[in-house]
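Enquirer: One file is attached below, coords08.cif, containing mmCIF, C-alpha atoms.
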```cif
data_structure
loop_
_atom_site.label_atom_id
_atom_site.label_comp_id
_atom_site.auth_asym_id
_atom_site.auth_seq_id
_atom_site.Cartn_x
_atom_site.Cartn_y
_atom_site.Cartn_z
CA MET A 239 38.72 -21.25 -81.46
CA ASP A 240 36.48 -24.29 -81.85
CA GLU A 241 38.88 -25.85 -84.35
CA SER A 242 41.80 -25.49 -81.91
CA LYS A 243 39.84 -27.24 -79.16
CA LEU A 244 38.90 -30.02 -81.56
CA GLU A 245 42.54 -30.53 -82.56
CA LEU A 246 43.59 -30.65 -78.89
CA LYS A 247 40.94 -33.26 -78.16
CA VAL A 248 41.99 -35.38 -81.15
CA GLY A 249 45.67 -35.11 -80.15
CA ALA A 250 44.90 -36.05 -76.55
CA LEU A 251 42.86 -39.05 -77.76
CA LEU A 252 45.68 -40.24 -80.02
CA LEU A 253 48.23 -39.80 -77.23
CA ALA A 254 46.05 -41.79 -74.81
CA ALA A 255 45.62 -44.56 -77.41
CA LEU A 256 49.39 -44.67 -77.97
CA LEU A 257 50.13 -44.82 -74.26
CA GLY A 258 47.50 -47.55 -73.80
CA THR A 259 49.01 -49.58 -76.63
CA LEU A 260 52.51 -49.23 -75.18
CA GLY A 261 51.24 -50.24 -71.74
CA LEU A 262 49.43 -53.27 -73.14
CA LEU A 263 52.53 -54.38 -75.07
CA SER A 264 54.61 -53.96 -71.93
CA LEU A 265 52.21 -56.07 -69.90
CA MET A 266 52.23 -58.77 -72.58
CA GLY A 267 56.05 -58.87 -72.51
CA GLU A 268 56.30 -57.63 -76.10
CA LEU A 269 57.90 -54.35 -75.10
CA SER A 270 60.70 -53.74 -72.63
CA PHE A 271 62.00 -50.36 -71.60
CA GLY A 272 65.16 -51.62 -69.87
CA SER A 273 68.32 -53.11 -71.40
CA ASN A 274 68.36 -56.90 -71.68
CA THR A 275 71.14 -59.48 -71.71
CA THR A 276 71.25 -62.51 -73.97
CA LEU A 277 71.14 -66.15 -72.89
CA LYS A 278 71.67 -69.17 -75.18
CA VAL A 279 69.64 -72.33 -74.65
CA ASP A 280 70.11 -75.59 -76.61
CA TRP A 281 67.23 -77.98 -77.30
CA ALA A 282 66.47 -81.23 -79.06
CA HIS A 283 63.01 -79.86 -79.88
CA THR A 284 61.39 -76.45 -79.61
CA GLY A 285 58.49 -77.77 -77.54
CA ASN A 286 56.24 -75.58 -79.76
CA VAL A 287 57.81 -72.43 -78.27
CA VAL A 288 57.85 -69.65 -80.89
CA LYS A 289 59.81 -66.46 -81.34
CA GLY A 290 58.56 -63.77 -78.98
CA ALA A 291 57.32 -66.25 -76.35
CA PRO A 292 57.73 -64.91 -72.81
CA VAL A 293 60.52 -65.99 -70.48
CA LYS A 294 59.58 -66.10 -66.78
CA ILE A 295 61.10 -66.71 -63.37
CA ALA A 296 58.59 -67.90 -60.74
CA GLY A 297 55.80 -66.91 -63.11
CA ILE A 298 57.06 -63.32 -63.50
CA SER A 299 58.11 -62.22 -66.99
CA VAL A 300 61.81 -61.33 -67.24
CA GLY A 301 62.28 -61.42 -71.00
CA LYS A 302 61.30 -63.14 -74.23
CA VAL A 303 62.59 -65.45 -76.96
CA GLU A 304 64.42 -63.22 -79.45
CA SER A 305 65.40 -65.83 -82.04
CA ILE A 306 65.25 -69.55 -82.83
CA SER A 307 67.98 -71.14 -84.98
CA LEU A 308 68.13 -74.57 -86.62
CA LEU A 309 71.49 -76.37 -86.50
CA ALA A 310 70.40 -79.57 -88.21
CA THR A 311 73.65 -81.57 -87.89
CA ARG A 312 74.68 -80.57 -84.37
CA ARG A 313 74.94 -83.30 -81.72
CA ASP A 314 75.70 -83.30 -78.00
CA ALA A 315 78.56 -85.09 -76.21
CA GLU A 316 76.56 -88.35 -76.15
CA GLY A 317 75.82 -88.27 -79.85
CA GLU A 318 72.15 -87.22 -79.56
CA LEU A 319 70.77 -84.65 -81.98
CA LEU A 320 70.69 -81.09 -80.60
CA PRO A 321 69.48 -79.04 -83.57
CA VAL A 322 67.70 -76.10 -81.89
CA GLN A 323 69.28 -73.04 -80.31
CA MET A 324 67.26 -70.20 -78.81
CA ILE A 325 68.54 -66.75 -77.98
CA LEU A 326 66.69 -65.33 -74.98
CA GLY A 327 66.55 -61.67 -74.05
CA VAL A 328 66.57 -61.59 -70.24
CA SER A 329 66.58 -58.56 -67.97
CA LYS A 330 69.74 -57.81 -66.01
CA GLU A 331 67.98 -58.61 -62.74
CA GLY A 332 66.78 -61.98 -64.05
CA ARG A 333 70.21 -62.79 -65.54
CA ALA A 334 71.94 -61.98 -62.23
CA ALA A 335 69.63 -64.40 -60.40
CA LEU A 336 70.73 -67.38 -62.50
CA ARG A 337 73.21 -69.81 -60.91
CA LYS A 338 75.52 -72.35 -62.55
CA ASP A 339 72.91 -75.12 -62.10
CA ALA A 340 70.02 -73.11 -63.57
CA VAL A 341 67.35 -75.08 -65.47
CA VAL A 342 65.16 -74.05 -68.42
CA THR A 343 61.86 -75.86 -68.99
CA VAL A 344 58.88 -75.49 -71.31
CA SER A 345 55.64 -74.57 -69.56
CA SER A 346 52.26 -73.30 -70.66
CA GLN A 347 49.85 -70.63 -69.54
CA GLY A 348 46.97 -72.84 -68.46
CA ALA A 349 46.14 -76.39 -69.50
CA LEU A 350 45.84 -75.49 -73.20
CA GLY A 351 47.55 -72.10 -73.16
CA GLU A 352 50.48 -70.68 -75.11
CA PRO A 353 53.83 -72.30 -74.25
CA TYR A 354 56.58 -70.20 -72.65
CA LEU A 355 59.97 -70.76 -71.03
CA GLU A 356 60.34 -71.03 -67.26
CA LEU A 357 63.76 -70.33 -65.70
CA SER A 358 64.68 -72.04 -62.43
CA PRO A 359 67.63 -70.04 -61.01
CA GLY A 360 69.29 -73.02 -59.23
CA LEU A 361 70.93 -73.43 -55.83
CA SER A 362 74.66 -73.27 -56.66
CA SER A 363 76.80 -70.57 -55.07
CA GLU A 364 78.51 -69.92 -58.42
CA PRO A 365 76.81 -67.54 -60.88
CA LEU A 366 76.00 -68.63 -64.42
CA PRO A 367 78.95 -67.75 -66.73
CA ASN A 368 78.11 -65.26 -69.45
CA ASP A 369 79.37 -67.51 -72.26
CA LEU A 370 77.70 -70.71 -71.07
CA ALA A 371 74.79 -72.12 -73.11
CA LEU A 372 72.19 -73.86 -70.99
CA ARG A 373 70.78 -77.26 -71.96
CA GLY A 374 67.01 -76.99 -71.92
CA VAL A 375 64.85 -79.75 -70.44
CA ASP A 376 62.89 -81.10 -73.41
CA GLY A 377 59.18 -81.46 -72.81
CA PRO A 378 57.27 -84.67 -73.59
CA ARG A 379 56.52 -85.14 -77.29
CA ILE A 380 52.78 -85.64 -77.54
CA ASP A 381 53.07 -86.81 -81.15
CA ILE A 382 55.60 -89.54 -80.26
CA VAL A 383 53.55 -90.65 -77.26
CA SER A 384 50.43 -90.81 -79.43
CA ASN A 385 52.20 -92.86 -82.10
CA ARG A 386 53.54 -95.33 -79.51
CA LEU A 387 50.14 -95.60 -77.86
CA ALA A 388 48.52 -96.21 -81.24
CA GLY A 389 51.05 -98.96 -81.99
CA PHE A 390 50.42 -100.59 -78.62
CA LEU A 391 46.66 -100.50 -79.12
CA GLU A 392 47.05 -101.94 -82.60
CA ARG A 393 49.15 -104.87 -81.31
CA ALA A 394 46.71 -105.45 -78.44
CA SER A 395 43.79 -105.44 -80.85
CA LYS A 396 45.56 -107.93 -83.11
CA MET A 397 46.28 -110.20 -80.16
CA LEU A 398 42.63 -110.13 -79.10
CA GLU A 399 41.54 -110.96 -82.61
CA GLU A 400 43.86 -113.98 -82.72
CA ASN A 401 43.05 -115.10 -79.15
CA PRO A 402 39.81 -113.55 -77.85
CA GLY A 403 40.06 -115.31 -74.50
CA ALA A 404 43.60 -114.11 -73.68
CA ILE A 405 42.53 -111.35 -71.30
CA THR A 406 39.91 -113.58 -69.70
CA ASN A 407 42.48 -116.32 -69.14
CA LEU A 408 44.94 -113.80 -67.71
CA LEU A 409 42.42 -112.37 -65.27
CA THR A 410 41.29 -115.89 -64.31
CA GLY A 411 44.88 -116.94 -63.66
CA ILE A 412 45.56 -113.87 -61.52
CA GLY A 413 42.37 -114.48 -59.56
CA GLY A 414 43.26 -118.15 -59.00
CA LEU A 415 46.78 -117.28 -57.88
CA SER A 416 45.45 -114.71 -55.43
CA LYS A 417 42.95 -117.23 -54.07
CA ASN A 418 45.64 -119.91 -53.67
CA LEU A 419 47.96 -117.54 -51.85
CA ASP A 420 45.15 -116.48 -49.53
CA GLY A 421 44.34 -120.14 -48.82
CA VAL A 422 47.97 -121.02 -48.08
CA MET A 423 48.30 -118.07 -45.70
CA THR A 424 45.05 -118.96 -43.98
CA GLU A 425 45.87 -122.65 -43.57
CA ASN A 426 49.40 -122.05 -42.24
CA ARG A 427 48.71 -118.95 -40.18
CA GLU A 428 49.50 -120.68 -36.89
CA ASP A 429 52.71 -122.20 -38.28
CA ILE A 430 53.84 -118.80 -39.52
CA ARG A 431 53.14 -117.26 -36.12
CA SER A 432 55.07 -120.07 -34.45
CA ILE A 433 58.07 -119.57 -36.74
CA VAL A 434 58.09 -115.83 -36.05
CA ALA A 435 57.87 -116.47 -32.31
CA GLU A 436 60.74 -118.97 -32.46
CA LEU A 437 62.89 -116.53 -34.40
CA ASN A 438 62.16 -113.81 -31.88
CA SER A 439 63.04 -116.13 -28.99
CA THR A 440 66.26 -117.22 -30.71
CA VAL A 441 67.33 -113.61 -31.19
CA LYS A 442 66.72 -112.90 -27.50
CA ASP A 443 68.75 -115.96 -26.48
CA LEU A 444 71.62 -114.94 -28.74
CA ARG A 445 71.63 -111.46 -27.22
CA ALA A 446 71.67 -112.92 -23.71
CA LEU A 447 74.48 -115.33 -24.60
CA SER A 448 76.48 -112.50 -26.13
CA ALA A 449 76.08 -110.44 -22.97
CA ILE A 450 77.19 -113.40 -20.81
CA ALA A 451 80.24 -114.06 -22.99
CA LYS A 452 81.15 -110.38 -22.87
CA THR A 453 80.97 -110.40 -19.07
CA GLN A 454 83.08 -113.55 -18.75
CA MET A 455 85.78 -112.16 -21.01
CA GLU A 456 86.21 -108.98 -18.98
CA PRO A 457 89.41 -108.49 -16.90
CA GLY A 458 89.10 -110.59 -13.75
CA GLY A 459 86.67 -113.03 -15.31
CA LYS A 460 87.22 -116.77 -15.34
CA ALA A 461 87.59 -117.02 -19.08
CA ASN A 462 90.18 -114.25 -19.01
CA ALA A 463 92.03 -116.06 -16.19
CA ILE A 464 92.02 -119.29 -18.24
CA LEU A 465 93.58 -117.49 -21.17
CA ASP A 466 96.21 -115.94 -18.89
CA ASP A 467 97.09 -119.41 -17.58
CA ALA A 468 97.29 -120.75 -21.11
CA SER A 469 99.58 -117.90 -22.08
CA ALA A 470 101.89 -118.65 -19.14
CA ALA A 471 101.94 -122.36 -20.01
CA LEU A 472 102.85 -121.60 -23.61
CA LYS A 473 105.67 -119.35 -22.45
CA VAL A 474 107.05 -122.22 -20.36
CA LEU A 475 106.79 -124.55 -23.33
CA ARG A 476 108.53 -122.02 -25.51
CA ASN A 477 111.49 -121.88 -23.10
CA ASP A 478 111.69 -125.57 -22.14
CA VAL A 479 110.74 -127.48 -25.26
CA PRO A 480 113.76 -126.40 -27.39
CA LEU A 481 116.16 -127.30 -24.54
CA MET A 482 114.46 -130.66 -24.01
CA SER A 483 114.62 -131.35 -27.73
CA LYS A 484 118.38 -130.67 -27.82
CA GLU A 485 118.99 -132.82 -24.79
CA ALA A 486 116.91 -135.60 -26.31
CA GLN A 487 118.94 -135.41 -29.51
CA VAL A 488 122.21 -135.73 -27.54
CA ALA A 489 120.80 -138.66 -25.57
CA LEU A 490 119.67 -140.40 -28.72
CA GLY A 491 123.08 -139.83 -30.28
CA GLY A 492 124.72 -141.51 -27.28
CA MET A 493 122.31 -144.39 -27.50
CA ALA A 494 123.11 -144.78 -31.18
CA ALA A 495 126.83 -144.96 -30.34
CA LEU A 496 126.16 -147.68 -27.76
CA THR A 497 124.05 -149.77 -30.09
CA GLY A 498 126.88 -151.18 -32.15
CA GLY A 499 125.11 -154.50 -32.22
CA PHE A 500 122.20 -153.06 -34.22
CA THR A 501 121.87 -154.08 -37.83
CA GLU A 502 122.16 -151.58 -40.69
CA GLU A 503 118.42 -151.57 -41.08
CA ASP A 504 117.95 -150.82 -37.38
CA ASN A 505 120.43 -147.92 -37.59
CA ARG A 506 118.65 -146.50 -40.61
CA LYS A 507 115.25 -146.64 -38.87
CA LEU A 508 116.74 -145.04 -35.76
CA ARG A 509 118.25 -142.18 -37.80
CA VAL A 510 114.90 -141.58 -39.51
CA ALA A 511 113.14 -141.48 -36.12
CA ILE A 512 115.71 -139.01 -34.74
CA THR A 513 115.29 -136.77 -37.80
CA LYS A 514 111.48 -136.77 -37.41
CA TYR A 515 111.75 -136.03 -33.71
CA SER A 516 114.11 -133.11 -34.39
CA ALA A 517 111.71 -131.69 -37.00
CA ALA A 518 108.83 -132.09 -34.57
CA GLY A 519 110.78 -130.18 -31.93
CA GLU A 520 111.38 -127.30 -34.35
CA LYS A 521 107.69 -127.20 -35.25
CA MET A 522 106.76 -127.15 -31.57
CA ASP A 523 109.11 -124.21 -31.08
CA ALA A 524 107.49 -122.30 -33.96
CA ILE A 525 103.99 -123.09 -32.67
CA ALA A 526 104.91 -121.92 -29.17
CA LEU A 527 106.33 -118.66 -30.59
CA ARG A 528 103.15 -117.96 -32.61
CA ALA A 529 100.91 -118.79 -29.68
CA ASP A 530 102.92 -116.43 -27.48
CA ARG A 531 102.48 -113.63 -30.01
CA MET A 532 98.76 -114.26 -30.26
CA LEU A 533 98.30 -114.28 -26.49
CA THR A 534 100.38 -111.11 -26.18
CA LYS A 535 97.97 -109.36 -28.55
CA LEU A 536 95.00 -110.77 -26.66
CA GLU A 537 96.42 -109.49 -23.36
CA ALA A 538 96.90 -106.06 -24.95
CA GLY A 539 93.23 -106.01 -26.00
CA GLU A 540 93.98 -105.96 -29.75
CA GLY A 541 91.49 -107.30 -32.25
CA THR A 542 87.91 -108.47 -31.66
CA MET A 543 88.90 -111.36 -29.34
CA GLY A 544 91.21 -109.09 -27.33
CA LYS A 545 88.42 -106.56 -26.80
CA VAL A 546 86.06 -109.34 -25.72
CA ILE A 547 88.65 -110.67 -23.23
CA LYS A 548 89.21 -107.26 -21.70
CA ASP A 549 85.50 -106.63 -21.23
CA PRO A 550 84.73 -107.16 -17.49
CA ALA A 551 81.06 -108.02 -18.16
CA VAL A 552 81.90 -111.39 -19.78
CA TYR A 553 82.83 -113.17 -16.51
CA ASP A 554 79.57 -112.30 -14.75
CA ASP A 555 77.44 -113.35 -17.73
CA LEU A 556 79.35 -116.63 -18.18
CA ARG A 557 79.01 -117.43 -14.47
CA ALA A 558 75.28 -116.73 -14.65
CA LEU A 559 75.00 -118.91 -17.76
CA LEU A 560 76.86 -121.83 -16.10
CA SER A 561 74.75 -121.49 -12.93
CA ASP A 562 71.55 -121.50 -14.98
CA LEU A 563 72.68 -124.56 -16.98
CA LYS A 564 73.69 -126.33 -13.77
CA ALA A 565 70.30 -125.69 -12.20
CA HIS A 566 68.36 -126.47 -15.38
CA PRO A 567 70.46 -128.82 -17.54
CA TRP A 568 67.42 -129.74 -19.60
CA LYS A 569 67.58 -126.32 -21.30
CA MET A 570 70.48 -127.58 -23.40
CA LEU A 571 68.15 -130.04 -25.12
CA TRP A 572 64.68 -128.50 -24.77
CA LYS A 573 63.29 -124.99 -24.50
CA ASN A 574 59.83 -123.99 -23.40
#
```
Translate this file's structure into structure tokens.
Expert:
Amino acid sequence: MDESKLELKVGALLLAALLGTLGLLSLMGELSFGSNTTLKVDWAHTGNVVKGAPVKIAGISVGKVESISLLATRRDAEGELLPVQMILGVSKEGRAALRKDAVVTVSSQGALGEPYLELSPGLSSEPLPNDLALRGVDGPRIDIVSNRLAGFLERASKMLEENPGAITNLLTGIGGLSKNLDGVMTENREDIRSIVAELNSTVKDLRALSAIAKTQMEPGGKANAILDDASAALKVLRNDVPLMSKEAQVALGGMAALTGGFTEEDNRKLRVAITKYSAAGEKMDAIALRADRMLTKLEAGEGTMGKVIKDPAVYDDLRALLSDLKAHPWKMLWKN
């Protein structure tokens, strides 16, 4: 009877030890009771991550590194070496959380702890395809940084040996430059303030002038009325100038017929003058046609000038500007 109790106690102790071991392995991420999915990650360097290292999302373990393969000659699309491929075993829940823009980085448990892989699920609305291999974000290479730092320190030490006063001269030069700049700013402080004030005043005047011009160009304003009158005058020129030119040509032809007493040289000069006058009449006709088109667009409010003309605020501002200049003509030459 005593032997049976002893065997039961030993069996219970062994079972408790086995359960404790399994629980500890599960907590350490070495043992998973659920089915996992695989995820491929490509690296330029392992980042000192080893097989069996945990894989986490937001600090929570969702799998581990199942294998690490060396593909020594493999390169990426840009020609950079990409010799490491890791196969991760990730739980179905963790795999389903990964998006198309998921990121894999190397992290560590504490400042000097064991490295592990951290998965950032991403923000894309598209899930991560099953056959897509992620490109891991390579961690900083401490050995390379140390070598570069050592080289820099070696060159700096050599420079100091060759020219011991280099750093002193550099610091002296920087100090002198700072002192000179401070002196220039101090000596010209009032001039700088005056320049800033003048610029501010100029900007205000330009804004006021723009508002006045806008008012004067509005419908009903004087500037708009002037442009309307100019448009009407150009229309008259367009209609009358061609007719006057033709009549002038006929009159000159009659005069040429009546001038039989002119010499050959006089006739030649007269023909040249008539030709030039005819060409000038044609050019005037073309100019009048273009001006009419331009004024038509202005009347329709097309373009920047047309919009300014149709703005009713321009007339009032221009009238105020002219009244102010009439009352204080000295402002055109001097400003307080």
Enquirer: So that each row is one residue of segment 263-330 of chain A with an atom at most 9 Å from segment 367-374 of chain A, can you give its shortest atom pair and the distance in Å to one decimal, using all atoms listed in the file, rows by chain and rising number, as a tab-separated table?
Expert:
```
residue	atom	partner	partner_atom	distance
A:Thr276	CA	A:Asn368	CA	8.7
A:Leu277	CA	A:Ala371	CA	7.0
A:Lys278	CA	A:Ala371	CA	4.8
A:Val279	CA	A:Leu372	CA	4.7
A:Asp280	CA	A:Arg373	CA	5.0
A:Trp281	CA	A:Gly374	CA	5.5
A:Ala282	CA	A:Gly374	CA	8.3
```
Enquirer: Any chance you can output those residues with C-alpha atoms as a short mmCIF file (atom, residue, chain, number, x, y, z; two decimals), in the coordinates of the input?
Expert:
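Listing of selection25.cif after writing:
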```cif
data_model
loop_
_atom_site.label_atom_id
_atom_site.label_comp_id
_atom_site.auth_asym_id
_atom_site.auth_seq_id
_atom_site.Cartn_x
_atom_site.Cartn_y
_atom_site.Cartn_z
CA THR A 276 71.25 -62.51 -73.97
CA LEU A 277 71.14 -66.15 -72.89
CA LYS A 278 71.67 -69.17 -75.18
CA VAL A 279 69.64 -72.33 -74.65
CA ASP A 280 70.11 -75.59 -76.61
CA TRP A 281 67.23 -77.98 -77.30
CA ALA A 282 66.47 -81.23 -79.06
#
```
Enquirer: One number please: atom CA of Glu331 of chain A to atom CA of Val300 of chain A, in Å, one decimal.
Expert: 8.1 Å
Enquirer: For atom CA of Ser346 of chain A and atom CA of Leu308 of chain A, quote the distance in Å rounded to one decimal.
Expert: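 One can read the atom CA of Ser346 of chain A to atom CA of Leu308 of chain A distance as 22.5 Å.
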Enquirer: Using all atoms listed in the file, which of A:Asn274, A:Gln347, A:Ser307, A:Ser362 sits nearest Gly327 of chain A?
Expert: A:Asn274
Enquirer: In terms of the shortest atom-to-atom distance over only C-alpha atoms, which of A:Ser363, A:Ser561, A:Thr275, A:Asn418 is closest to Asp339 of chain A?
Expert: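 For Asp339 of chain A, the nearest of the candidates is A:Ser363.
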Enquirer: Report the distance between atom CA of Glu364 of chain A and atom CA of Gly332 of chain A in Å, rounded to one decimal place.
Expert: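 Pair atom CA of Glu364 of chain A / atom CA of Gly332 of chain A returns 15.2 Å.
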Enquirer: Pick the closest to Gly297 of chain A from A:Val434, A:Ala254, A:Leu357, A:Leu527: which is it, counting all atoms listed in the file?
Expert: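 The closest residue to Gly297 of chain A is A:Leu357.
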Enquirer: Could you check the closest approach to Pro365 of chain A for each of A:Val293, A:Arg393, A:Ala335, A:Glu245 and tell me which residue wins, using only C-alpha atoms?
Expert: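 Of all the options, A:Ala335 lies closest to Pro365 of chain A.
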Enquirer: Determine the nearest neighbour of Ile298 of chain A from the options A:Asn438, A:Asn426, A:Thr284, A:Ser358, counting only C-alpha atoms.
Expert: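 Smallest separation from Ile298 of chain A among the options: A:Ser358.
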Enquirer: With all atoms listed in the file as the atoms that count, which of A:Ile525, A:Ala449, A:Ala511, A:Val383 lies nearest to Ala558 of chain A?
Expert: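 Smallest separation from Ala558 of chain A among the options: A:Ala449.
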Enquirer: Tell me, as number ranges by chain, which residues lie within 9 Å of Leu309 of chain A, counting all atoms listed in the file; anything in the same chain fewer than 6 positions away does not count.
Expert: A: 320-323
